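Participant: Next comes my_file_37.tsv, TSV, C-alpha atoms (C1' of nucleotides):
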chain	number	residue	atom	x	y	z
W	1	MET	CA	9.44	-8.35	-6.62
W	2	ASN	CA	12.17	-6.44	-8.41
W	3	LEU	CA	9.99	-4.78	-11.03
W	4	PHE	CA	8.30	-1.42	-10.76
W	5	THR	CA	4.51	-1.56	-10.91
W	6	GLY	CA	1.47	0.51	-10.00
W	7	CYS	CA	0.39	4.06	-10.55
W	8	TYR	CA	0.37	6.75	-7.86
W	9	THR	CA	-0.40	10.46	-7.86
W	10	HIS	CA	1.39	12.67	-5.34
W	11	ALA	CA	1.48	16.36	-4.55
W	12	ILE	CA	4.51	18.59	-5.02
W	13	ASP	CA	5.01	21.13	-2.26
W	14	ALA	CA	6.32	24.68	-2.36
W	15	LYS	CA	9.90	23.43	-2.10
W	16	ASN	CA	9.59	21.10	-5.11
W	17	ARG	CA	9.54	18.08	-2.85
W	18	VAL	CA	7.45	15.00	-3.63
W	19	SER	CA	7.02	11.76	-1.72
W	20	VAL	CA	8.19	8.68	-3.57
W	21	PRO	CA	5.38	6.11	-3.33
W	22	ARG	CA	6.08	3.53	-0.70
W	23	LYS	CA	5.70	0.62	-3.13
W	24	ILE	CA	8.27	2.19	-5.42
W	25	VAL	CA	10.69	2.66	-2.54
W	26	ASP	CA	10.19	-1.00	-1.63
W	27	THR	CA	11.23	-2.05	-5.13
W	28	LEU	CA	14.20	0.32	-5.01
W	29	ARG	CA	15.28	-1.38	-1.81
W	30	ASP	CA	14.90	-4.81	-3.44
W	31	LEU	CA	17.14	-3.52	-6.24
W	32	GLY	CA	19.75	-2.49	-3.71
W	33	SER	CA	19.35	1.27	-3.97
W	34	PRO	CA	17.04	2.41	-1.17
W	35	GLU	CA	17.99	6.07	-1.21
W	36	GLU	CA	19.62	7.02	-4.51
W	37	VAL	CA	17.89	7.41	-7.87
W	38	VAL	CA	18.63	9.04	-11.20
W	39	LEU	CA	16.10	11.24	-12.96
W	40	THR	CA	16.40	11.98	-16.64
W	41	ALA	CA	14.44	13.15	-19.65
W	42	GLY	CA	12.21	10.32	-20.82
W	43	LEU	CA	10.19	9.67	-23.95
W	44	ASP	CA	6.68	10.86	-24.80
W	45	ARG	CA	6.89	13.88	-22.50
W	46	CYS	CA	7.68	12.18	-19.20
W	47	LEU	CA	10.69	11.69	-16.94
W	48	PHE	CA	12.46	8.39	-16.40
W	49	LEU	CA	13.58	7.37	-12.94
W	50	TYR	CA	16.20	4.64	-12.55
W	51	THR	CA	18.38	3.17	-9.89
W	52	PRO	CA	22.00	4.25	-10.47
W	53	ALA	CA	22.72	0.73	-11.70
W	54	GLY	CA	19.70	0.77	-13.98
W	55	PHE	CA	20.75	4.11	-15.42
W	56	GLU	CA	24.22	2.85	-16.23
W	57	GLN	CA	22.77	-0.18	-17.90
W	58	MET	CA	20.51	2.02	-19.99
W	59	GLY	CA	23.57	4.03	-20.84
W	60	LYS	CA	25.20	0.95	-22.34
W	61	ALA	CA	22.33	0.58	-24.77
W	62	VAL	CA	22.79	4.21	-25.76
W	63	GLU	CA	26.55	3.79	-26.17
W	64	SER	CA	26.13	0.90	-28.54
W	65	SER	CA	24.11	2.98	-31.00
W	66	PRO	CA	26.02	4.25	-34.00
W	67	LEU	CA	27.69	7.54	-33.13
W	68	GLY	CA	27.79	8.35	-36.79
W	69	GLN	CA	24.14	9.30	-36.84
W	70	SER	CA	23.47	12.83	-35.73
W	71	SER	CA	20.20	11.66	-34.16
W	72	THR	CA	22.20	9.36	-31.90
W	73	ARG	CA	24.39	12.20	-30.78
W	74	ASP	CA	21.40	14.39	-30.07
W	75	PHE	CA	19.76	11.66	-28.07
W	76	GLN	CA	22.91	11.05	-26.03
W	77	ARG	CA	23.07	14.75	-25.22
W	78	ASN	CA	19.51	14.78	-23.94
W	79	PHE	CA	19.84	11.54	-22.09
W	80	TYR	CA	23.02	12.38	-20.21
W	81	ALA	CA	22.93	16.16	-19.95
W	82	SER	CA	19.44	16.18	-18.44
W	83	ALA	CA	20.18	13.39	-15.97
W	84	GLU	CA	20.29	14.30	-12.29
W	85	PRO	CA	21.01	12.08	-9.31
W	86	CYS	CA	18.46	12.56	-6.52
W	87	SER	CA	18.63	11.31	-2.98
W	88	ILE	CA	15.60	10.19	-1.05
W	89	ASP	CA	15.45	11.99	2.29
W	90	ARG	CA	14.46	10.38	5.52
W	91	SER	CA	10.79	11.13	5.03
W	92	GLY	CA	10.85	9.41	1.66
W	93	ARG	CA	10.92	12.46	-0.61
W	94	ILE	CA	13.01	13.68	-3.52
W	95	VAL	CA	13.40	17.20	-4.86
W	96	LEU	CA	12.34	17.58	-8.47
W	97	PRO	CA	14.87	19.72	-10.37
W	98	GLU	CA	13.18	22.76	-11.85
W	99	ALA	CA	14.58	22.11	-15.31
W	100	LEU	CA	13.15	18.61	-15.51
W	101	LYS	CA	9.78	19.73	-14.19
W	102	ALA	CA	9.58	22.38	-16.88
W	103	LEU	CA	10.71	19.97	-19.58
W	104	VAL	CA	7.64	17.77	-19.27
W	105	GLY	CA	5.14	20.29	-17.95
W	106	ILE	CA	4.91	19.02	-14.37
W	107	THR	CA	3.46	21.66	-12.05
W	108	ASP	CA	1.98	20.83	-8.67
W	109	ARG	CA	1.19	17.12	-8.88
W	110	VAL	CA	2.98	14.17	-10.43
W	111	VAL	CA	2.04	10.65	-11.48
W	112	PHE	CA	4.55	7.92	-10.59
W	113	ALA	CA	4.02	5.02	-12.98
W	114	GLY	CA	5.93	1.79	-12.39
W	115	VAL	CA	6.94	0.45	-15.82
W	116	GLY	CA	8.99	-2.67	-15.16
W	117	GLN	CA	12.65	-1.70	-15.28
W	118	ARG	CA	11.98	1.99	-14.78
W	119	VAL	CA	9.61	4.48	-13.16
W	120	GLU	CA	8.01	7.25	-15.16
W	121	LEU	CA	6.97	10.67	-13.84
W	122	TRP	CA	4.11	12.46	-15.58
W	123	GLN	CA	2.00	15.55	-15.34
W	124	PRO	CA	-1.37	13.95	-14.39
W	125	GLU	CA	-3.25	15.43	-17.35
W	126	THR	CA	-0.62	14.26	-19.81
W	127	TRP	CA	-0.69	10.77	-18.33
W	128	GLU	CA	-4.46	10.59	-18.53
W	129	ALA	CA	-4.50	11.66	-22.13
W	130	ARG	CA	-1.81	9.19	-23.09
W	131	GLN	CA	-3.61	6.31	-21.36
W	132	MET	CA	-6.90	7.18	-23.01
W	133	ALA	CA	-5.31	7.29	-26.43
W	134	SER	CA	-3.38	4.04	-26.15
W	135	ARG	CA	-5.86	1.79	-24.34
W	136	PRO	CA	-7.76	0.65	-27.41
W	137	GLN	CA	-4.59	-0.92	-28.78
W	138	TYR	CA	-3.77	-2.54	-25.48
W	139	ASP	CA	-6.27	-5.39	-25.69
W	140	LYS	CA	-5.05	-6.26	-29.15
W	141	GLN	CA	-1.38	-6.39	-28.18
W	142	ALA	CA	-2.16	-8.11	-24.92
W	143	THR	CA	-3.45	-11.24	-26.57
W	144	ASP	CA	0.10	-12.01	-27.65
W	145	VAL	CA	1.47	-11.70	-24.15
W	146	PHE	CA	-1.18	-13.07	-21.81
W	147	ARG	CA	-1.78	-16.77	-21.50
C	148	MET	CA	-2.80	-29.59	-8.15
C	149	ASN	CA	-1.00	-26.58	-9.52
C	150	LEU	CA	-3.78	-25.31	-11.76
C	151	PHE	CA	-6.49	-22.88	-10.71
C	152	THR	CA	-10.06	-24.19	-10.94
C	153	GLY	CA	-13.51	-23.45	-9.59
C	154	CYS	CA	-15.71	-20.42	-9.27
C	155	TYR	CA	-16.42	-18.59	-6.01
C	156	THR	CA	-18.30	-15.41	-5.12
C	157	HIS	CA	-17.11	-13.41	-2.12
C	158	ALA	CA	-18.09	-10.14	-0.46
C	159	ILE	CA	-15.94	-7.03	-0.40
C	160	ASP	CA	-16.05	-5.15	2.90
C	161	ALA	CA	-15.89	-1.43	3.62
C	162	LYS	CA	-12.09	-1.53	3.60
C	163	ASN	CA	-11.90	-3.11	0.13
C	164	ARG	CA	-10.88	-6.43	1.61
C	165	VAL	CA	-11.96	-9.74	0.13
C	166	SER	CA	-11.22	-13.31	1.20
C	167	VAL	CA	-9.30	-15.36	-1.31
C	168	PRO	CA	-11.16	-18.68	-1.72
C	169	ARG	CA	-9.51	-21.43	0.23
C	170	LYS	CA	-9.12	-23.63	-2.84
C	171	ILE	CA	-7.31	-20.83	-4.66
C	172	VAL	CA	-4.97	-20.33	-1.72
C	173	ASP	CA	-4.24	-24.06	-1.73
C	174	THR	CA	-3.15	-23.85	-5.36
C	175	LEU	CA	-1.07	-20.75	-4.63
C	176	ARG	CA	0.71	-22.72	-1.93
C	177	ASP	CA	1.35	-25.57	-4.34
C	178	LEU	CA	2.87	-23.01	-6.72
C	179	GLY	CA	5.19	-21.82	-3.98
C	180	SER	CA	3.58	-18.45	-3.30
C	181	PRO	CA	1.23	-18.85	-0.34
C	182	GLU	CA	0.96	-15.17	0.54
C	183	GLU	CA	1.93	-13.00	-2.42
C	184	VAL	CA	-0.03	-12.44	-5.62
C	185	VAL	CA	-0.03	-9.90	-8.44
C	186	LEU	CA	-3.26	-8.33	-9.64
C	187	THR	CA	-3.38	-6.72	-13.05
C	188	ALA	CA	-5.81	-5.43	-15.67
C	189	GLY	CA	-7.01	-8.38	-17.72
C	190	LEU	CA	-9.06	-8.77	-20.87
C	191	ASP	CA	-12.82	-8.65	-21.40
C	192	ARG	CA	-13.40	-6.43	-18.38
C	193	CYS	CA	-11.92	-8.57	-15.63
C	194	LEU	CA	-8.76	-8.65	-13.52
C	195	PHE	CA	-6.02	-11.27	-13.75
C	196	LEU	CA	-4.39	-12.66	-10.65
C	197	TYR	CA	-0.99	-14.36	-10.90
C	198	THR	CA	1.75	-15.58	-8.66
C	199	PRO	CA	4.72	-13.17	-8.71
C	200	ALA	CA	6.65	-15.77	-10.71
C	201	GLY	CA	3.85	-16.10	-13.23
C	202	PHE	CA	3.68	-12.34	-13.64
C	203	GLU	CA	7.42	-11.95	-14.12
C	204	GLN	CA	7.36	-14.61	-16.78
C	205	MET	CA	4.87	-12.58	-18.78
C	206	GLY	CA	7.06	-9.57	-18.28
C	207	LYS	CA	9.83	-11.32	-20.18
C	208	ALA	CA	7.74	-11.29	-23.34
C	209	VAL	CA	7.27	-7.56	-22.87
C	210	GLU	CA	10.95	-6.83	-22.27
C	211	SER	CA	12.01	-8.28	-25.56
C	212	SER	CA	10.07	-5.65	-27.51
C	213	PRO	CA	12.04	-2.63	-28.72
C	214	LEU	CA	11.93	0.39	-26.40
C	215	GLY	CA	12.40	2.60	-29.41
C	216	GLN	CA	8.85	1.96	-30.59
C	217	SER	CA	6.27	4.19	-28.97
C	218	SER	CA	3.71	1.40	-29.15
C	219	THR	CA	6.00	-0.75	-27.05
C	220	ARG	CA	6.28	1.97	-24.44
C	221	ASP	CA	2.51	2.43	-24.33
C	222	PHE	CA	1.99	-1.27	-23.90
C	223	GLN	CA	4.54	-1.45	-21.09
C	224	ARG	CA	2.80	1.44	-19.36
C	225	ASN	CA	-0.59	-0.24	-19.45
C	226	PHE	CA	0.79	-3.60	-18.48
C	227	TYR	CA	2.96	-2.59	-15.53
C	228	ALA	CA	1.19	0.51	-14.24
C	229	SER	CA	-2.05	-1.41	-13.83
C	230	ALA	CA	-0.32	-4.21	-11.91
C	231	GLU	CA	-0.20	-4.31	-8.12
C	232	PRO	CA	1.41	-6.85	-5.83
C	233	CYS	CA	-0.99	-7.85	-3.06
C	234	SER	CA	-0.17	-9.76	0.07
C	235	ILE	CA	-2.60	-12.21	1.61
C	236	ASP	CA	-3.08	-11.39	5.28
C	237	ARG	CA	-3.33	-13.92	8.03
C	238	SER	CA	-7.09	-14.23	7.68
C	239	GLY	CA	-6.69	-15.04	3.99
C	240	ARG	CA	-7.69	-11.70	2.51
C	241	ILE	CA	-6.29	-9.24	0.00
C	242	VAL	CA	-7.23	-5.60	-0.49
C	243	LEU	CA	-8.46	-4.70	-3.94
C	244	PRO	CA	-6.84	-1.47	-5.17
C	245	GLU	CA	-9.49	1.14	-5.88
C	246	ALA	CA	-8.17	1.80	-9.37
C	247	LEU	CA	-8.45	-1.83	-10.43
C	248	LYS	CA	-11.91	-2.17	-8.92
C	249	ALA	CA	-13.08	0.83	-10.90
C	250	LEU	CA	-11.44	-0.35	-14.09
C	251	VAL	CA	-13.63	-3.44	-14.37
C	252	GLY	CA	-16.69	-2.21	-12.48
C	253	ILE	CA	-16.29	-4.32	-9.36
C	254	THR	CA	-18.30	-2.89	-6.46
C	255	ASP	CA	-19.24	-4.93	-3.39
C	256	ARG	CA	-18.87	-8.53	-4.50
C	257	VAL	CA	-16.38	-10.34	-6.71
C	258	VAL	CA	-16.27	-13.65	-8.58
C	259	PHE	CA	-13.01	-15.59	-8.37
C	260	ALA	CA	-12.76	-17.85	-11.40
C	261	GLY	CA	-9.88	-20.31	-11.58
C	262	VAL	CA	-8.71	-20.46	-15.21
C	263	GLY	CA	-5.72	-22.77	-15.29
C	264	GLN	CA	-2.57	-20.66	-15.16
C	265	ARG	CA	-4.37	-17.64	-13.75
C	266	VAL	CA	-7.31	-16.55	-11.64
C	267	GLU	CA	-9.83	-14.03	-12.93
C	268	LEU	CA	-11.77	-11.53	-10.83
C	269	TRP	CA	-15.15	-10.36	-12.11
C	270	GLN	CA	-18.05	-8.20	-11.12
C	271	PRO	CA	-20.73	-10.91	-10.63
C	272	GLU	CA	-23.16	-9.38	-13.12
C	273	THR	CA	-20.47	-9.06	-15.77
C	274	TRP	CA	-19.43	-12.66	-15.20
C	275	GLU	CA	-23.00	-13.86	-15.49
C	276	ALA	CA	-23.59	-11.96	-18.68
C	277	ARG	CA	-20.39	-13.23	-20.22
C	278	GLN	CA	-21.23	-16.81	-19.32
C	279	MET	CA	-24.76	-16.48	-20.71
C	280	ALA	CA	-23.55	-15.03	-23.95
C	281	SER	CA	-20.75	-17.49	-24.57
C	282	ARG	CA	-22.28	-20.73	-23.33
C	283	PRO	CA	-24.22	-21.50	-26.52
C	284	GLN	CA	-20.97	-21.31	-28.48
C	285	TYR	CA	-19.07	-23.57	-26.10
C	286	ASP	CA	-19.12	-26.55	-28.43
C	287	LYS	CA	-18.04	-24.45	-31.37
C	288	GLN	CA	-15.22	-22.78	-29.41
C	289	ALA	CA	-13.94	-26.20	-28.58
C	290	THR	CA	-12.99	-26.72	-32.20
C	291	ASP	CA	-10.57	-23.81	-31.91
C	292	VAL	CA	-9.16	-25.01	-28.62
C	293	PHE	CA	-8.80	-28.74	-29.09
C	294	ARG	CA	-6.89	-29.76	-32.16
J	295	DC	C1'	-30.54	-37.14	16.55
J	296	DC	C1'	-28.06	-33.60	18.88
J	297	DC	C1'	-24.11	-31.46	20.23
J	298	DG	C1'	-19.01	-30.43	19.86
J	299	DT	C1'	-15.30	-29.05	16.97
J	300	DG	C1'	-12.98	-26.74	13.56
J	301	DA	C1'	-12.45	-24.22	9.37
J	302	DA	C1'	-13.93	-20.48	6.16
J	303	DG	C1'	-15.70	-16.14	5.55
J	304	DT	C1'	-16.92	-11.59	7.59
J	305	DG	C1'	-16.97	-7.34	10.58
J	306	DG	C1'	-14.93	-3.85	13.52
J	307	DG	C1'	-11.67	-1.55	16.75
J	308	DA	C1'	-6.78	-0.41	17.77
J	309	DT	C1'	-2.34	0.70	16.08
J	310	DA	C1'	1.13	1.94	12.69
J	311	DT	C1'	2.65	4.49	8.84
J	312	DA	C1'	2.52	6.98	4.39
J	313	DG	C1'	1.95	11.44	2.75
J	314	DT	C1'	2.08	16.26	3.65
J	315	DG	C1'	3.11	20.93	5.66
J	316	DG	C1'	5.93	24.13	8.10
J	317	DG	C1'	9.63	25.74	11.01
J	318	DA	C1'	14.65	25.56	12.16
J	319	DT	C1'	19.32	25.07	10.81
J	320	DT	C1'	23.00	24.90	7.73
J	321	DT	C1'	25.31	25.98	3.46
J	322	DC	C1'	26.85	28.80	-0.10
J	323	DG	C1'	27.61	32.97	-2.69
J	324	DA	C1'	28.09	37.89	-2.64
V	325	DT	C1'	29.35	39.32	7.47
V	326	DC	C1'	24.98	39.11	5.62
V	327	DG	C1'	21.12	37.23	2.87
V	328	DA	C1'	19.00	33.73	0.06
V	329	DA	C1'	18.35	29.15	-0.74
V	330	DA	C1'	18.73	24.48	0.07
V	331	DT	C1'	18.59	20.88	3.53
V	332	DC	C1'	17.24	18.86	7.75
V	333	DC	C1'	14.05	17.90	11.28
V	334	DC	C1'	9.69	17.54	13.63
V	335	DA	C1'	4.51	17.40	13.77
V	336	DC	C1'	-0.05	16.39	12.11
V	337	DT	C1'	-3.72	13.75	9.68
V	338	DA	C1'	-5.95	10.36	6.89
V	339	DT	C1'	-5.59	5.97	5.63
V	340	DA	C1'	-3.96	1.39	5.61
V	341	DT	C1'	-2.63	-2.53	8.29
V	342	DC	C1'	-2.84	-5.62	12.10
V	343	DC	C1'	-5.28	-8.19	15.33
V	344	DC	C1'	-9.14	-10.19	17.56
V	345	DA	C1'	-13.95	-11.79	17.70
V	346	DC	C1'	-18.21	-13.43	15.69
V	347	DT	C1'	-21.04	-16.31	12.60
V	348	DT	C1'	-22.09	-19.87	9.60
V	349	DC	C1'	-21.52	-24.28	7.84
V	350	DA	C1'	-19.63	-29.02	7.35
V	351	DC	C1'	-18.28	-32.92	9.55
V	352	DG	C1'	-17.94	-36.44	13.16
V	353	DG	C1'	-18.78	-38.64	17.55
V	354	DG	C1'	-21.47	-39.78	21.35
Translate this file's structure into structure tokens.
Facilitator:
Amino acid sequence: MNLFTGCYTHAIDAKNRVSVPRKIVDTLRDLGSPEEVVLTAGLDRCLFLYTPAGFEQMGKAVESSPLGQSSTRDFQRNFYASAEPCSIDRSGRIVLPEALKALVGITDRVVFAGVGQRVELWQPETWEARQMASRPQYDKQATDVFR
Amino acid sequence: MNLFTGCYTHAIDAKNRVSVPRKIVDTLRDLGSPEEVVLTAGLDRCLFLYTPAGFEQMGKAVESSPLGQSSTRDFQRNFYASAEPCSIDRSGRIVLPEALKALVGITDRVVFAGVGQRVELWQPETWEARQMASRPQYDKQATDVFR
DNA sequence: CCCGTGAAGTGGGATATAGTGGGATTTCGA
DNA sequence: TCGAAATCCCACTATATCCCACTTCACGGG
């Protein structure tokens, strides 16, 4: 399946390395990018992880927003300037850039959350809190989608 | 027939494996997915089981929502992060992810309930209670369903 | 009526691999 | 040329996966 799913918590070692969950790597392979990803500042205090192709496509959406608005320009700056390509080494790990770690408060462990077209990286505590807070609305919204 | 029906109770072993009822597997084969399914958090404290195709179709409804809304992002997170593809091994079993088991209180046995387009997985006691509670209103519910 | 056959569900041991840690080597800047 | 840092490479462990065997039950034939 070519969608990211599942939720996995992995440890970050002293060299800022973290294993990419096997299931995520499998999906990356299905998407044609088994060893290159792009990490960038996400929304709600997390990082977004895309395939290079997925990142470019997301970029198109950003481009099409009206440049006239200063908020658009600010967003573009964050989106592009904080983006970093990362390669997956032969033991299935990436190195988390220090700047991105600091940006979302990731310290020694990270949650990989598959979210369809993208993967999100969270500090475990932040992820937990966010899930707790949003779950009550989930059932309500879900009735429109499930059948 | 390409609709899921019937109700079966199976044991979960020490490795979190559970046999998929033969009748369910037959329907999966008719739907063109004899050995891959997607498990996800359902409604009313049960899990939903779909074919990969069925799951992706639901994803389409999710994709069309605006990423700009934080409620959309939260919904996507719940929907995708709680989903796991599972493969059916050669003895007809799947492994139930620990997180999903915990989410709906499944312990050592599970009820497979065929519900048309999907299959539901329940903790037996929860299933029983739900059936008990809703049975008396069956006739009344029918007025909402058939019209 | 009894036994043979096969399929469905279950249990357990052997093997593979995902995740992690640490040392060695290379690269880059001073 | 030297030192620090990043990268590469190998090793270990816990867990997941594969594979085989057993049991129970339904069915059918002798």
Participant: Starting from the point (4.8, 16.9, 3.4), work out which residues of protein, DNA or RNA have an atom no more than 12 Å away when counting all atoms listed in the file; state them as a PyMOL selection string.
Facilitator: (chain W and resi 10-20+89-95) or (chain J and resi 312-316) or (chain V and resi 334-337)
Participant: Which one is closest to DA301 in chain J: V:DG354, V:DT341, V:DC349, V:DC333? Count only C-alpha atoms (C1' of nucleotides).
Facilitator: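 Of all the options, V:DC349 lies closest to DA301 in chain J.
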Participant: Please produce, as a tab-separated table, a per-residue contact table for chain C versus chain W (criterion: any atom at most 10 Å away, all atoms listed in the file considered), showing the nearest atom pair and its distance in Å to one decimal, sorted by chain then residue number.
Facilitator:
residue	atom	partner	partner_atom	distance
C:Glu183	CA	W:Met1	CA	9.8
C:Val185	CA	W:Met1	CA	9.8
C:Thr187	CA	W:Gly6	CA	9.2
C:Gly189	CA	W:Phe146	CA	8.5
C:Leu190	CA	W:Asp139	CA	6.5
C:Asp191	CA	W:Asp139	CA	8.5
C:Phe195	CA	W:Phe146	CA	9.6
C:Pro199	CA	W:Met1	CA	7.1
C:Ala200	CA	W:Met1	CA	8.9
C:Phe202	CA	W:Phe146	CA	9.5
C:Glu203	CA	W:Leu3	CA	8.2
C:Gln204	CA	W:Val145	CA	9.9
C:Met205	CA	W:Val145	CA	6.4
C:Gly206	CA	W:Gly116	CA	7.8
C:Lys207	CA	W:Val145	CA	9.3
C:Ala208	CA	W:Val145	CA	6.3
C:Val209	CA	W:Val145	CA	7.2
C:Glu210	CA	W:Gly116	CA	8.5
C:Leu214	CA	W:Leu43	CA	9.8
C:Gly215	CA	W:Leu43	CA	9.2
C:Ser217	CA	W:Asp44	CA	7.9
C:Ser218	CA	W:Ser134	CA	8.1
C:Thr219	CA	W:Gln141	CA	9.4
C:Arg220	CA	W:Leu43	CA	8.6
C:Asp221	CA	W:Ser134	CA	6.4
C:Phe222	CA	W:Tyr138	CA	6.1
C:Gln223	CA	W:Val115	CA	6.1
C:Arg224	CA	W:Val115	CA	5.5
C:Asn225	CA	W:Tyr138	CA	7.2
C:Phe226	CA	W:Val115	CA	7.8
C:Tyr227	CA	W:Thr5	CA	5.0
C:Ala228	CA	W:Gly6	CA	4.2
C:Ser229	CA	W:Gly6	CA	5.5
C:Ala230	CA	W:Gly6	CA	5.4
C:Glu231	CA	W:Gly6	CA	5.4
C:Pro232	CA	W:Thr5	CA	8.0
C:Pro244	CA	W:Gly6	CA	9.8
C:Ala246	CA	W:Cys7	CA	8.9
C:Gly263	CA	W:Arg147	CA	9.5
C:Gln264	CA	W:Arg147	CA	7.5
C:Arg265	CA	W:Arg147	CA	8.2
Participant: With chain W fixed, least-squares superpose chain C over all its C-alpha atoms paired in order and give the RMSD in Å.
Facilitator: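 It is 1.8 Å.
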Participant: Using all atoms listed in the file, select each residue of chain V with any atom at most 10 Å away from an atom of chain C, and give the selection as a ChimeraX atom specification.
Facilitator: /V:340-343
Participant: Pull C-alpha atoms (C1' of nucleotides) from the residues just selected and write them as a short mmCIF file (atom, residue, chain, number, x, y, z; two decimals), keeping the file's coordinate frame.
Facilitator:
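Output (again38.cif):
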data_model
loop_
_atom_site.label_atom_id
_atom_site.label_comp_id
_atom_site.auth_asym_id
_atom_site.auth_seq_id
_atom_site.Cartn_x
_atom_site.Cartn_y
_atom_site.Cartn_z
"C1'" DA V 340 -3.96 1.39 5.61
"C1'" DT V 341 -2.63 -2.53 8.29
"C1'" DC V 342 -2.84 -5.62 12.10
"C1'" DC V 343 -5.28 -8.19 15.33
#
Participant: Work out how far CA of Leu31 in chain W is from CA of Leu49 in chain W, in Å to one decimal.
Facilitator: 13.3 Å
Participant: Go through C:Thr156, C:Ile253, C:Arg169, C:Leu186 and flag the residue nearest chain J, using all atoms listed in the file for the distances.
Facilitator: C:Arg169
Participant: Taking a cut-off of 9 Å and counting only C-alpha atoms (C1' of nucleotides), can you build a table that, for each residue of chain J near chain C, reports the nearest atom pair and how far apart they are in Å (one decimal), sorted by chain then residue number, as a Markdown table?
Facilitator:
| residue | atom | partner | partner_atom | distance |
| --- | --- | --- | --- | --- |
| J:DA302 | C1' | C:Arg169 | CA | 7.5 |
| J:DG303 | C1' | C:Ser166 | CA | 6.9 |
| J:DT304 | C1' | C:Asp160 | CA | 8.0 |
| J:DG305 | C1' | C:Asp160 | CA | 8.0 |
Participant: Please identify all polymer residues within 9 Å of Gln123 in chain W, counting only C-alpha atoms (C1' of nucleotides), omitting same-chain residues fewer than 3 positions from it, and present them as a PyMOL selection string.
Facilitator: chain W and resi 45-46+101+104-111+126-128
Participant: So how far away is C1' of DG300 in chain J from CA of Glu182 in chain C, in Å?
Facilitator: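 Interatomic distance here is 22.3 Å.
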Participant: For CA of Thr51 in chain W and CA of Ile235 in chain C, quote the distance in Å rounded to one decimal.
Facilitator: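 Distance between the two atoms: 28.4 Å.
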